[in-house]
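One structure is given here, and the rest of the page talks about it.
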Amino acid sequence: MRNLLVIIFLLLAAAPLMAQDKTLKVGVYHNPPKIMFDEYGKLSGIHGELLMVVAERHNWQLLPVECDWEQCLTFLQQGKIDILPDVAKNDARAQWAEFHEEAALLSWSQLYAAKNEKITSLLDLNNKRVAVLKGSVQESYLQQLIESFELKSELYPVESFSEGFDAVLTGKANAVATNQFFGNQQVVDRSVQMTPIMFLPSELFFAVSQQSSSDILTTIDNELKRLKADENSVYYQIIERWSSQQKAVSVPFYVWWIIAALVLLAVGVLFFNQLLRRKVADKTKALAQSKYRLNTILDSVEAYIYIKDKDLRYQYANWQVLKLFKLELEDIIGKTDYDLFDKTTADQLKSYDSKVLESGHRLAQGEVNNLPGEKEIHQFWSVKVPLFDSTNQVIGLCGISTDISEYQNMKEEIQSLAYFDPLTGLANRRFMLERLNEEFDLYQSGGGDGVLVMLDIDHFKKINDSFSHDTGDELLILFGQRLESELRQADNAGRLGSDEFMVLLKSEKGQSLRDDSNLRQRLQVLLERLGEPYKLGGSLESVSVSMGITLFSDAQSPGDLMQAADLALSQAKDVNASKLQFFNTGIQREFNYRQQLIAALRKAIKSESLEIYLQPQYQQVSPDSALNCLGFEALLRWCDEELGWVSPAEFIPLAESQGLMPDLHRLVLDQVLSSIPRLQRSALECGVRVAINVSASQFKTEGFVEDIEQRLLATGIPGELLELEVTESMLIDDIEHTANNMERLKALGVTFALDDFGTGYASLGYLKRLPLNSLKIDQSFIRDLHTNNSDEAIVRTVIALGNSLDLDIIAEGVETEEHLLKLQEMGCFRFQGYYFARPEPVSFWTSSEKD
């Protein structure tokens with residue numbers, strides 16, 4: 001009743017005004033209770049009524065223009081509307097809109113959530129989605145909060161607050177941000193709750209376009225100041241009334257007419273007819289407005305929405321559909337898919353639509369559509385539901401289709417990344433292993449035989465080191481292209497990783513490749529073709545390739561195939577020249593022996609059953625002096641209970657490949673340090689300095705220097721009694737780190753000898769930078785010293801080099817008196833070899849050890 005009195009008051013106040021001085025187009029978006037249309041399509045809400053009060057006093061005619069929030073802002077900026085209520089002022093909007101000074105309303109924003117959500121603070125928004133009005137200050141403010149707190153939250157833009165609450169109730173969002181006026185009303189209308197999170201208190205204004213007259217803002221300012229100055233004014237009555245309504249209650253307009261009709265029934269049939277006409281007119285207007293709003297909503301959805309009748313003729317299509325066909329609505333209504341798509345697409349759509357009409361049930365599935373004259377294929381996910389009349393008979397269907405073409409393209413691209421090597425374009429490891437499993441299953445089911453080939457570019461690391469990784473990548477690309485070009489269409493090639501490639505060859509069904517005399521020749525041609533020079537960086541570079549081959553008939557499973565091919569490849573790489581190697585039982589036996597050897601070596605290290613042997617080193621101070629013993633070199637020996645004596649040349653490389661060298665080093669060092677006191681107590685007239693060999697992998701192990709330092713300190717043995725023999729290969733790998741470690745050890749008294757000098761790649765620059773004490777001439781140059789002029793020249797050069805660098809020279813492998821005399825004649829006076837003594841256990845040299 002109170003609502004009616006206010007309306008009557010406004011009508012009476014407006015009666016004296018017979019003309020309007022201004023006509024203002026007012027943007028209206030649905031944001032109850034602040035601004036909205038009432039059930040009769042008239043301007044309503046707090047801002048609406050305030051604006052009508054001002055308009056009545058100043059003879060303004062208000063023309064409401066319905067729009068969603070973002071659309072309203074655009075209309076105001078373009079001058080399509082003159083005034084927009086309920087706008088928060090910020091710097092960005094002040095660039096293209098003008099505001100009055102006196103705030104029309106004070107408001108704040110609040111988060112609302114479904115009743116099952118437990119959101120009590122901003123931190124509870126982590127990993128949650130918040131619906132927010134697109135283009136609003138709430139959107140920008142929440143985005144800043146999320147970034148400030150480093151939350152993994154997502155904003156879900158909506159066109160209206162109602163859509164935001166719909167998103168919460170349908171699970172598309174966990175919470176929605178809105179003003180407290182609208183939100184509190186939704187708490188009553190919907191199954192939502194208010195959270196404690198309040199933010200962004202703001203003043204709300206009427207914004208006008210820059211094209212509008214400036215006296216509009218002045219008038220609004222004056223009226224707001226006047227109304228706010230009187231605590232009994234209609235300003236406070238409007239706010240109090242709307243704020244106190246937890247749920248907007250309105251009596252339909254026709255009810256009042258019905259009541260009036262009942263009261264005034266006696267007035268006569270004529271008046272009653274007038275009443276009915278008025279009612280029909282109002283309903284017609286309401287329906288027209290509802291249709292307009294519905295069209296606005298459907299046209300703003302990023303989906304293709306349409307309605308077809310029972311004959312599958314279009315009865316409605318939204319703006320997205322019109323844009324797809326590039327037609328007007330009147331050109332689509334009454335048409336079928338045969339008028340719009342090609343025949344194949346139309347047949348498919350007719351089949352899908354008929355299922356919906358015949359079953360009366362919802363159908364959701366993917367569709368691929370072709371438009372006549374277009375090469376682009378559109379892929380959709382379509383949901384179609386039947387439409388029923390009042391008798392529950394199907395009269396048509398409504399379809400909602402979403403374009404997923406971009407998603408499908410991304411899916412295909414991701415699948416390509418999952419199965420293909422991005423560098424070479426060949427299949428990757430995952431694809432090739434899956435293909436191997438499929439082909440082997442077919443073979444076991446009676447299909448044709450197959451061949452698994454493993455390929456490796458020899459010394460690929462040197463190419464990267466000598467040129468660059470970019471050059472290495474260029475070689476891999478060219479190698480992959482050449483490999484693919486040499487294969488048949490039925491064959492498969494892929495890159496497993498780094499420079500390792502895999503090829504699957506197939507035979508005709510029922511044919512055994514074991515009997516194919518052309519197979520080896522074919523693979524040999526492939527190997528030679530792959531080994532031809534490649535143009536890298538403007539020059540031709542030669543490479544060698546190794547190939548390991550196994551037949552499906554040689555294995556019981558794909559895993560056996562991979563292992564056999566790897567074994568064959570390893571065998572192929574053991575030779576200097578590139579070659580191909582078929583898997584055979586000999587390779588298997590060698591592999592089995594290697595596995596047995598690895599297991600026995602691990603056991604021997606754990607039980608410390610490997611033992612050091614000592615071989616003495618001698619020197620002659622001058623050509624006329626006698627030989628005297630300088631010290632020993634520790635040499636590791638291993639005798640296994642089952643395998644017997646195993647050569648260091650066999651188990652040392654194996655330990656390197658299995659990462660066991662640090663364990664071997666600790667074992668040798670412990671035995672050497674424990675033997676030195678025993679040597680000191682023995683009656684031997686010999687120095688007790690002991691040399692041990694150190695590999696590159698040991699020297700680079702983290703904590704290597706610290707470990708030696710701690711062991712020397714724990715045993716009390718001075719560093720001068722320990723010599724480390726290093727190889728040339730270790731010097732050219734990270735020279736700075738190597739030099740640093742050697743200097744630290746030299747500070748402890750440890751000396752260094754360069755072992756097997758002449759067989760590696762050490763340069764004079766390296767020798768000058770490192771704290772070496774001696775060079776050891778490799779025994780391979782001593783063996784034929786008296787018959788091979790090249791060996792003699794090398795030895796003379798090493799001796800001269802050592803003298804020039806002030807380094808001692810030790811010749812290894814001195815086995816005869818002839819060797820000794822030749823070396824003395826050449827100026828070498830330090831020796832080691834079988835001529836003097838063989839390596840013996842520590843107990844042999846300490847047999848006269850004193851108690």
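Going by the structure tokens order, chains are called A, B, ..., each with residues numbered from 1, while ligands are numbered from 1 in the order shown.
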Open item on the list: Report as a PyMOL selection string all protein, DNA and RNA residues lying within 12 Å of region 380-383 of chain A, evaluated on only C-alpha atoms, omitting residues in the same chain fewer than 6 positions from it.
Closed with: chain A and resi 303-307+349+352-353+356+361-370+397-408
TODO: Determine, counting only C-alpha atoms, which protein, DNA and RNA residues have an atom within 7 Å of an atom of Ser153 (chain A); residues of the same chain fewer than 6 positions away are not included. Present the result as a PyMOL selection string.
DONE: chain A and resi 125-129+146
- [ ] Please identify which residues in region 441-540 of chain A DSSP calls alpha helix (DSSP H) from the backbone, and express them as a PyMOL selection string.
- [x] chain A and resi 441-444+460-466+469-485+518-530
Hey, can you spit out that residue selection with N, CA and C atoms as a short mmCIF file (atom, residue, chain, number, x, y, z; two decimals), in the first residue's frame?
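Contents of selection15.cif, freshly written:
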```
data_model
loop_
_atom_site.label_atom_id
_atom_site.label_comp_id
_atom_site.auth_asym_id
_atom_site.auth_seq_id
_atom_site.Cartn_x
_atom_site.Cartn_y
_atom_site.Cartn_z
N ASP A 441 52.94 -57.65 -31.43
CA ASP A 441 51.68 -58.38 -31.17
C ASP A 441 51.13 -58.95 -32.47
N LEU A 442 51.19 -58.16 -33.55
CA LEU A 442 50.73 -58.66 -34.85
C LEU A 442 51.57 -59.84 -35.31
N TYR A 443 52.89 -59.76 -35.11
CA TYR A 443 53.78 -60.86 -35.50
C TYR A 443 53.43 -62.13 -34.75
N GLN A 444 53.18 -62.02 -33.43
CA GLN A 444 52.85 -63.20 -32.64
C GLN A 444 51.48 -63.76 -32.99
N PHE A 460 79.30 -38.40 -31.32
CA PHE A 460 78.45 -37.21 -31.54
C PHE A 460 78.83 -36.08 -30.58
N LYS A 461 79.25 -36.45 -29.38
CA LYS A 461 79.63 -35.42 -28.39
C LYS A 461 80.79 -34.57 -28.90
N LYS A 462 81.71 -35.21 -29.62
CA LYS A 462 82.84 -34.43 -30.14
C LYS A 462 82.39 -33.41 -31.17
N ILE A 463 81.33 -33.72 -31.90
CA ILE A 463 80.80 -32.76 -32.88
C ILE A 463 80.25 -31.54 -32.14
N ASN A 464 79.52 -31.79 -31.05
CA ASN A 464 79.01 -30.67 -30.25
C ASN A 464 80.15 -29.85 -29.66
N ASP A 465 81.17 -30.55 -29.15
CA ASP A 465 82.28 -29.84 -28.51
C ASP A 465 83.14 -29.10 -29.52
N SER A 466 83.34 -29.70 -30.71
CA SER A 466 84.21 -29.09 -31.71
C SER A 466 83.54 -27.92 -32.42
N HIS A 469 76.43 -26.73 -30.17
CA HIS A 469 75.22 -27.53 -30.04
C HIS A 469 74.25 -27.24 -31.18
N ASP A 470 74.29 -26.00 -31.70
CA ASP A 470 73.44 -25.68 -32.85
C ASP A 470 73.85 -26.50 -34.07
N THR A 471 75.16 -26.67 -34.25
CA THR A 471 75.64 -27.50 -35.35
C THR A 471 75.25 -28.95 -35.14
N GLY A 472 75.32 -29.40 -33.87
CA GLY A 472 74.87 -30.75 -33.57
C GLY A 472 73.41 -30.96 -33.88
N ASP A 473 72.60 -29.96 -33.55
CA ASP A 473 71.17 -30.05 -33.88
C ASP A 473 70.96 -30.08 -35.39
N GLU A 474 71.75 -29.29 -36.12
CA GLU A 474 71.64 -29.27 -37.58
C GLU A 474 71.94 -30.64 -38.16
N LEU A 475 72.97 -31.31 -37.60
CA LEU A 475 73.32 -32.65 -38.06
C LEU A 475 72.18 -33.63 -37.79
N LEU A 476 71.57 -33.54 -36.59
CA LEU A 476 70.47 -34.45 -36.26
C LEU A 476 69.29 -34.26 -37.21
N ILE A 477 69.01 -33.03 -37.57
CA ILE A 477 67.90 -32.76 -38.49
C ILE A 477 68.19 -33.37 -39.86
N LEU A 478 69.40 -33.12 -40.38
CA LEU A 478 69.77 -33.66 -41.69
C LEU A 478 69.81 -35.19 -41.66
N PHE A 479 70.31 -35.75 -40.57
CA PHE A 479 70.37 -37.20 -40.43
C PHE A 479 68.96 -37.80 -40.45
N GLY A 480 68.03 -37.16 -39.71
CA GLY A 480 66.66 -37.64 -39.67
C GLY A 480 66.00 -37.58 -41.04
N GLN A 481 66.25 -36.47 -41.76
CA GLN A 481 65.67 -36.33 -43.10
C GLN A 481 66.21 -37.40 -44.05
N ARG A 482 67.51 -37.64 -43.98
CA ARG A 482 68.11 -38.64 -44.86
C ARG A 482 67.62 -40.04 -44.50
N LEU A 483 67.50 -40.31 -43.20
CA LEU A 483 67.01 -41.62 -42.76
C LEU A 483 65.60 -41.88 -43.27
N GLU A 484 64.74 -40.89 -43.12
CA GLU A 484 63.34 -41.05 -43.53
C GLU A 484 63.23 -41.23 -45.04
N SER A 485 64.07 -40.52 -45.78
CA SER A 485 64.00 -40.59 -47.24
C SER A 485 64.46 -41.95 -47.78
N ASN A 518 68.55 -60.29 -49.21
CA ASN A 518 68.76 -58.89 -49.54
C ASN A 518 68.75 -57.98 -48.32
N LEU A 519 68.37 -58.50 -47.15
CA LEU A 519 68.22 -57.66 -45.97
C LEU A 519 69.55 -57.02 -45.56
N ARG A 520 70.61 -57.85 -45.46
CA ARG A 520 71.91 -57.30 -45.05
C ARG A 520 72.40 -56.26 -46.06
N GLN A 521 72.22 -56.57 -47.35
CA GLN A 521 72.67 -55.63 -48.37
C GLN A 521 71.88 -54.32 -48.28
N ARG A 522 70.60 -54.43 -48.04
CA ARG A 522 69.76 -53.24 -47.92
C ARG A 522 70.19 -52.38 -46.73
N LEU A 523 70.48 -53.04 -45.60
CA LEU A 523 70.89 -52.29 -44.41
C LEU A 523 72.29 -51.72 -44.59
N GLN A 524 73.16 -52.43 -45.31
CA GLN A 524 74.51 -51.92 -45.56
C GLN A 524 74.44 -50.66 -46.42
N VAL A 525 73.55 -50.67 -47.42
CA VAL A 525 73.37 -49.48 -48.26
C VAL A 525 72.85 -48.32 -47.41
N LEU A 526 71.90 -48.61 -46.52
CA LEU A 526 71.36 -47.57 -45.64
C LEU A 526 72.47 -47.00 -44.76
N LEU A 527 73.31 -47.87 -44.21
CA LEU A 527 74.41 -47.43 -43.34
C LEU A 527 75.38 -46.54 -44.10
N GLU A 528 75.73 -46.94 -45.32
CA GLU A 528 76.66 -46.15 -46.13
C GLU A 528 76.05 -44.81 -46.51
N ARG A 529 74.76 -44.84 -46.83
CA ARG A 529 74.09 -43.58 -47.20
C ARG A 529 74.06 -42.61 -46.02
N LEU A 530 73.81 -43.13 -44.83
CA LEU A 530 73.76 -42.27 -43.64
C LEU A 530 75.14 -41.76 -43.27
#
```
TODO: Using only C-alpha atoms, pick whichever of A:Ser498, A:Glu792, A:Pro201, A:Thr195 has the shortest atom-to-atom distance to Glu117 (chain A).
DONE: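 Of the candidates, the smallest distance to Glu117 (chain A) is held by A:Thr195.
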TODO: Would you list the contacts of Ile220 (chain A) as a list of chain:residue names, taking every protein, DNA or RNA residue within 9 Å and counting only C-alpha atoms, but skipping same-chain residues closer than 3 positions in sequence?
DONE: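 The residues that qualify are A:Leu51, A:Val54, A:His100, A:Glu102, A:Ala104, A:Phe206, A:Asp215, A:Ile216, A:Leu217, A:Glu223, A:Leu224, A:Lys225.
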- [ ] Find, counting only C-alpha atoms, the residue in A:Arg594, A:Arg190, A:His378, A:Arg678 that gets nearest to Trp845 (chain A).
- [x]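 Under the stated criterion, the closest residue is A:Arg678.
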Open item on the list: At a cut-off of 9 Å, using only C-alpha atoms, what residues contact Leu496 (chain A)? Leave out same-chain residues fewer than 4 positions from it and give the result as a list in words.
Closed with: Asp421, Ala427, Asn428, Arg429, Arg430, Met432, Glu500, Phe501 and Met502 of chain A
Open item on the list: Using only C-alpha atoms, which protein or nucleic acid residues come within 10 Å of Asn693 (chain A)? Drop anything in the same chain fewer than 4 positions from it, and give the result as a VMD selection string.
Closed with: chain A and resid 633 to 636 665 668 to 669 698 723 to 727 753 to 755
Open item on the list: So the first atom is CA of Val158 (chain A) and the second is CA of Thr178 (chain A); what is the distance between them in Å, to one decimal place?
Closed with: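 That distance, rounded to one decimal, is 11.3 Å.
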- [ ] Could you tell me which of A:Leu151, A:Leu748, A:Leu324, A:Ala207 comes closest to Gly719 (chain A) if we count only C-alpha atoms?
- [x]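 Answer, going by the shortest atom-to-atom distance: A:Leu748.
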- [ ] Could you give me, as a ChimeraX atom specification, the residues within 10 Å of Val137 (chain A), counting only C-alpha atoms and dropping anything in the same chain fewer than 2 positions from it?
- [x] /A:87-90,109,132-135,139-143,200,202
Open item on the list: I'd like the interatomic distance between CA of Glu728 (chain A) and CA of Leu807 (chain A), to a tenth of an Å.
Closed with: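 So the answer is 15.5 Å.
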- [ ] Within 7 Å of Ile35 (chain A), counting only C-alpha atoms, which residues show up once you throw out same-chain ones fewer than 5 positions away? Write them as a list in words, please.
- [x] Val28, Tyr29, His30, Ser44, Gly45, Ile46, His47 and Gly48 of chain A
Go ahead and dump the residues you just picked, N, CA and C atoms, as a PDB file, in the first residue's frame.
```
ATOM      1  N   VAL A  28      19.750   1.589 -18.524  1.00  0.00           N
ATOM      2  CA  VAL A  28      19.220   0.797 -17.406  1.00  0.00           C
ATOM      3  C   VAL A  28      19.718  -0.642 -17.552  1.00  0.00           C
ATOM      4  N   TYR A  29      20.507  -1.094 -16.553  1.00  0.00           N
ATOM      5  CA  TYR A  29      20.895  -2.506 -16.515  1.00  0.00           C
ATOM      6  C   TYR A  29      20.312  -3.118 -15.252  1.00  0.00           C
ATOM      7  N   HIS A  30      20.103  -4.397 -15.272  1.00  0.00           N
ATOM      8  CA  HIS A  30      19.387  -5.078 -14.194  1.00  0.00           C
ATOM      9  C   HIS A  30      20.291  -5.242 -12.970  1.00  0.00           C
ATOM     10  N   SER A  44      12.883   1.794 -12.337  1.00  0.00           N
ATOM     11  CA  SER A  44      12.638   1.522 -10.926  1.00  0.00           C
ATOM     12  C   SER A  44      13.965   1.401 -10.201  1.00  0.00           C
ATOM     13  N   GLY A  45      13.869   1.130  -8.881  1.00  0.00           N
ATOM     14  CA  GLY A  45      15.064   1.009  -8.062  1.00  0.00           C
ATOM     15  C   GLY A  45      15.404   2.337  -7.409  1.00  0.00           C
ATOM     16  N   ILE A  46      16.439   2.316  -6.533  1.00  0.00           N
ATOM     17  CA  ILE A  46      16.814   3.517  -5.769  1.00  0.00           C
ATOM     18  C   ILE A  46      17.199   4.642  -6.721  1.00  0.00           C
ATOM     19  N   HIS A  47      18.158   4.333  -7.630  1.00  0.00           N
ATOM     20  CA  HIS A  47      18.596   5.367  -8.560  1.00  0.00           C
ATOM     21  C   HIS A  47      17.466   5.787  -9.495  1.00  0.00           C
ATOM     22  N   GLY A  48      16.642   4.813  -9.897  1.00  0.00           N
ATOM     23  CA  GLY A  48      15.547   5.127 -10.812  1.00  0.00           C
ATOM     24  C   GLY A  48      14.569   6.113 -10.202  1.00  0.00           C
TER      25      GLY A  48
END
```
TODO: From a DSSP calculation on the backbone, collect every residue of region 290-511 of chain A in strand (DSSP E or B) and output the set as number ranges by chain.
DONE: A: 304-309, 314-317, 363-370, 377-388, 394-403, 420, 427, 450-457, 492-497, 500-506
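The residue that comes closest to Pro718 (chain A), out of A:Asn592, A:Ser390, A:Thr751, A:Ser657 and on the basis of only C-alpha atoms, is A:Thr751.
Between CA of Lys768 (chain A) and CA of Ser695 (chain A) the interatomic distance comes to 20.7 Å.
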